[in-house]
Structures are given as C-alpha cells and as structure tokens.
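> Would you mind keeping the following structure in view while I ask a few things?
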Amino acid sequence: MAINTKPTGHSLQLTRVTLRVIEPEEEKEWNCLMDDVHPLGNAQFAGHRIKYVAEHRGRAVALGCFSGSAYHLADRDRWLGWSHEQAMQRRHFVVQNSRFLILLDERRQNLASRVLSLCAKRVPMDWEERFGFAPLMMETFVDPEYFQGTCYQASGWQRLGETAGYSRSRKDFYQAHNRPKELWFKVLDRRGFRSLKSKRLPERLKPYETE
C-alpha cells in the first residue's frame, strides 16, 4: 500500500473520512510527509507508538502519531495527584498525540476535530491489541507559535496548563528551549481515569502497573 495524497475530484464529506493504522511499508513515506509539511518536522518516538493515516475516498487527508506519554510533566502529575513513584508506575496508561498533521492545502472546517474524534475511538482498541492494555487518557502539546488548539477543544479535549519550557533530548535528560507549550488532555475511560487518581489501582488495572 501507499499513502496517496493526490486529489480525487470529490468534495470532502466528513462522514466519509476514515482512519487506519499505516502499513509497515508506508512508514518511510509517512515520515517524509511529516518532515516536509509539519512545522516541527518529524520526530523519533521511543517506546510504544502507533502511526495513523486518515483518508477520504482513498486520499490521505491527515496523519497522526500516538506514543508514550511525557516522562516528567509537573502539571499533569500534580493534577492527577501522583507521587514521583506513582508517575513512574502509571504514566504508560497515558498516551501522547505526539504528531498531528492535516495534509490538505485548503482549510476544511471540522476536518481536524473529526479525525481527532476518530483517533479517540480507535487508539484504545489498537493499543490494547498491540501492547496488551488500553490507555485511559490522552495528552498532547500545542505550540502557540503555530497552533491555537481549537481542533482539540472541538473534539472534547481540555486545556490543563503550560509546560515549563523544556524538551527531552534523551532519556531523563531535559534541555531548556524557553518556548512553553500548552498541555491538553482527553479522558478515554472515565472509570479507569478515576482509578488513576486513587492511592491503589483496582484489580483489573493492577497487573499493568509498572514495577
């Protein structure tokens, strides 16, 4: 298969936009498109990750990547009431929308929020099938220099705060870049999300808590 970005001659119908996981042979093309078009370029995502393409009548209209959550995120951990130990044990229940890109040159109202809504439905199933457990929450960073976060708000995400202006350059090493980003989140499983904030995880989640 290949990621097709050529116009089809059909006007965009949001109800006909679909989402799928990319095939292994499409990853190089996915990476190139992200490098060429996204303001922040592509990135090397360590650990668990799944890359997606949204299509309309066979034409790729958006790309997305979901990967492991941020290692150290003070606002998130404080909001969840996590100690440092709990953050280490439970942060894998949070997945990060680490890249999101609309491929169409012309602006199409509600396309981005439509794709994000499809992601919220698919990612938990795909994540559980591939990695053995379903995430309970999503997070993402919005760079206010390029974006406003409107599409996240429209698809049910909530703004939590701002980062401290550091980026991870390698495992557990952070470097100041003096460009704070907005932190947004979306709850995927309300019952499980409440459990994330509890002192002890329920029996159904405890087997997936990291030692």
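Labels for the structure tokens follow display order: chains A, B, ..., residues from 1 in each chain, ligands from 1.
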According to DSSP computed on the backbone, where in chain A is there strand (DSSP E)? Give the residues as a VMD selection string.
chain A and resid 17 to 21 49 to 56 59 to 68 94 to 102 137 to 142 158 to 162 166 to 170 173 to 176 182 to 187
> Once you count only C-alpha atoms, what closest atom pair and distance in Å to one decimal does each residue of segment 143-166 of chain A within 6 Å of segment 179-193 of chain A have, with rows by chain and rising residue number, as a tab-separated table?

```
residue	atom	partner	partner_atom	distance
A:Asp143	CA	A:Lys181	CA	4.9
A:Trp157	CA	A:Lys186	CA	4.6
A:Gln158	CA	A:Trp184	CA	5.4
A:Arg159	CA	A:Trp184	CA	4.3
A:Leu160	CA	A:Leu183	CA	5.5
A:Gly161	CA	A:Leu183	CA	5.3
A:Glu162	CA	A:Glu182	CA	4.4
A:Thr163	CA	A:Pro180	CA	5.1
A:Ala164	CA	A:Pro180	CA	5.7
A:Gly165	CA	A:Pro180	CA	4.1
```
> Go through segment 31-155 of chain A and collect every residue that DSSP, computed from the backbone, puts in alpha helix (DSSP H); the answer should be as a PyMOL selection string.
chain A and resi 31-37+74-80+84-90+111-131+150-154
> Calculate how many Å separate atom CA of Pro24 of chain A from atom CA of Ala70 of chain A, rounding to one decimal.
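A separation of 25.0 Å between them.
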> Closest to Ala62 of chain A among A:Met88, A:Val115, A:Ala74, A:Ala46, using only C-alpha atoms?
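Nearest candidate to Ala62 of chain A out of A:Met88, A:Val115, A:Ala74, A:Ala46: A:Val115.
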> What does the structure give for the distance between atom CA of Leu14 of chain A and atom CA of Arg114 of chain A, in Å to one decimal?
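Distance reported for this atom pair: 7.0 Å.
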> Excluding Asn4 of chain A and its own-chain neighbours fewer than 2 positions away, which residues fall within 12 Å of it when counting only C-alpha atoms? Please give them as a list in words.
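Skipping anything fewer than 2 positions along the chain leaves Met1, Ala2, Lys6, Pro7, Thr8, Ile22, Glu26, Glu29, Trp30, Leu33, Val53, Ala54, Glu55, His56, Arg57, Gly58, Arg59, Ala60, Val61, Ala62, Leu63, Leu103 and Leu104 of chain A.
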> Rank nothing, just name the residue among A:His92, A:Arg200, A:Arg99, A:Arg49 nearest to Leu116 of chain A, using only C-alpha atoms.
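Closest to Leu116 of chain A, using only C-alpha atoms: A:Arg99.
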> Met125 of chain A: which residues within 8 Å, counting only C-alpha atoms, same-chain residues fewer than 4 positions away excluded, as a list in words?
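Counting only C-alpha atoms, the residues come to Lys121, Glu129 and Ala134 of chain A.
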> Quick one: write out the picked residues with N, CA, C and O atoms as an mmCIF file, in the first residue's frame?

```
data_model
loop_
_atom_site.group_PDB
_atom_site.id
_atom_site.type_symbol
_atom_site.label_atom_id
_atom_site.label_comp_id
_atom_site.auth_asym_id
_atom_site.auth_seq_id
_atom_site.Cartn_x
_atom_site.Cartn_y
_atom_site.Cartn_z
ATOM 1 N N LYS A 121 -11.554 7.035 19.422
ATOM 2 C CA LYS A 121 -12.283 5.762 19.401
ATOM 3 C C LYS A 121 -11.367 4.592 19.044
ATOM 4 O O LYS A 121 -11.526 3.489 19.571
ATOM 5 N N GLU A 129 -4.681 -4.111 21.496
ATOM 6 C CA GLU A 129 -4.359 -5.231 20.614
ATOM 7 C C GLU A 129 -2.860 -5.377 20.418
ATOM 8 O O GLU A 129 -2.323 -6.488 20.392
ATOM 9 N N ALA A 134 -5.250 -1.092 27.407
ATOM 10 C CA ALA A 134 -5.837 0.101 26.788
ATOM 11 C C ALA A 134 -5.459 1.347 27.591
ATOM 12 O O ALA A 134 -5.513 1.332 28.824
#
```
> When you count only C-alpha atoms, which of these residues is closest to Leu196 of chain A: A:Ile50, A:Ala112, A:Leu136, A:Ile102?
A:Leu136
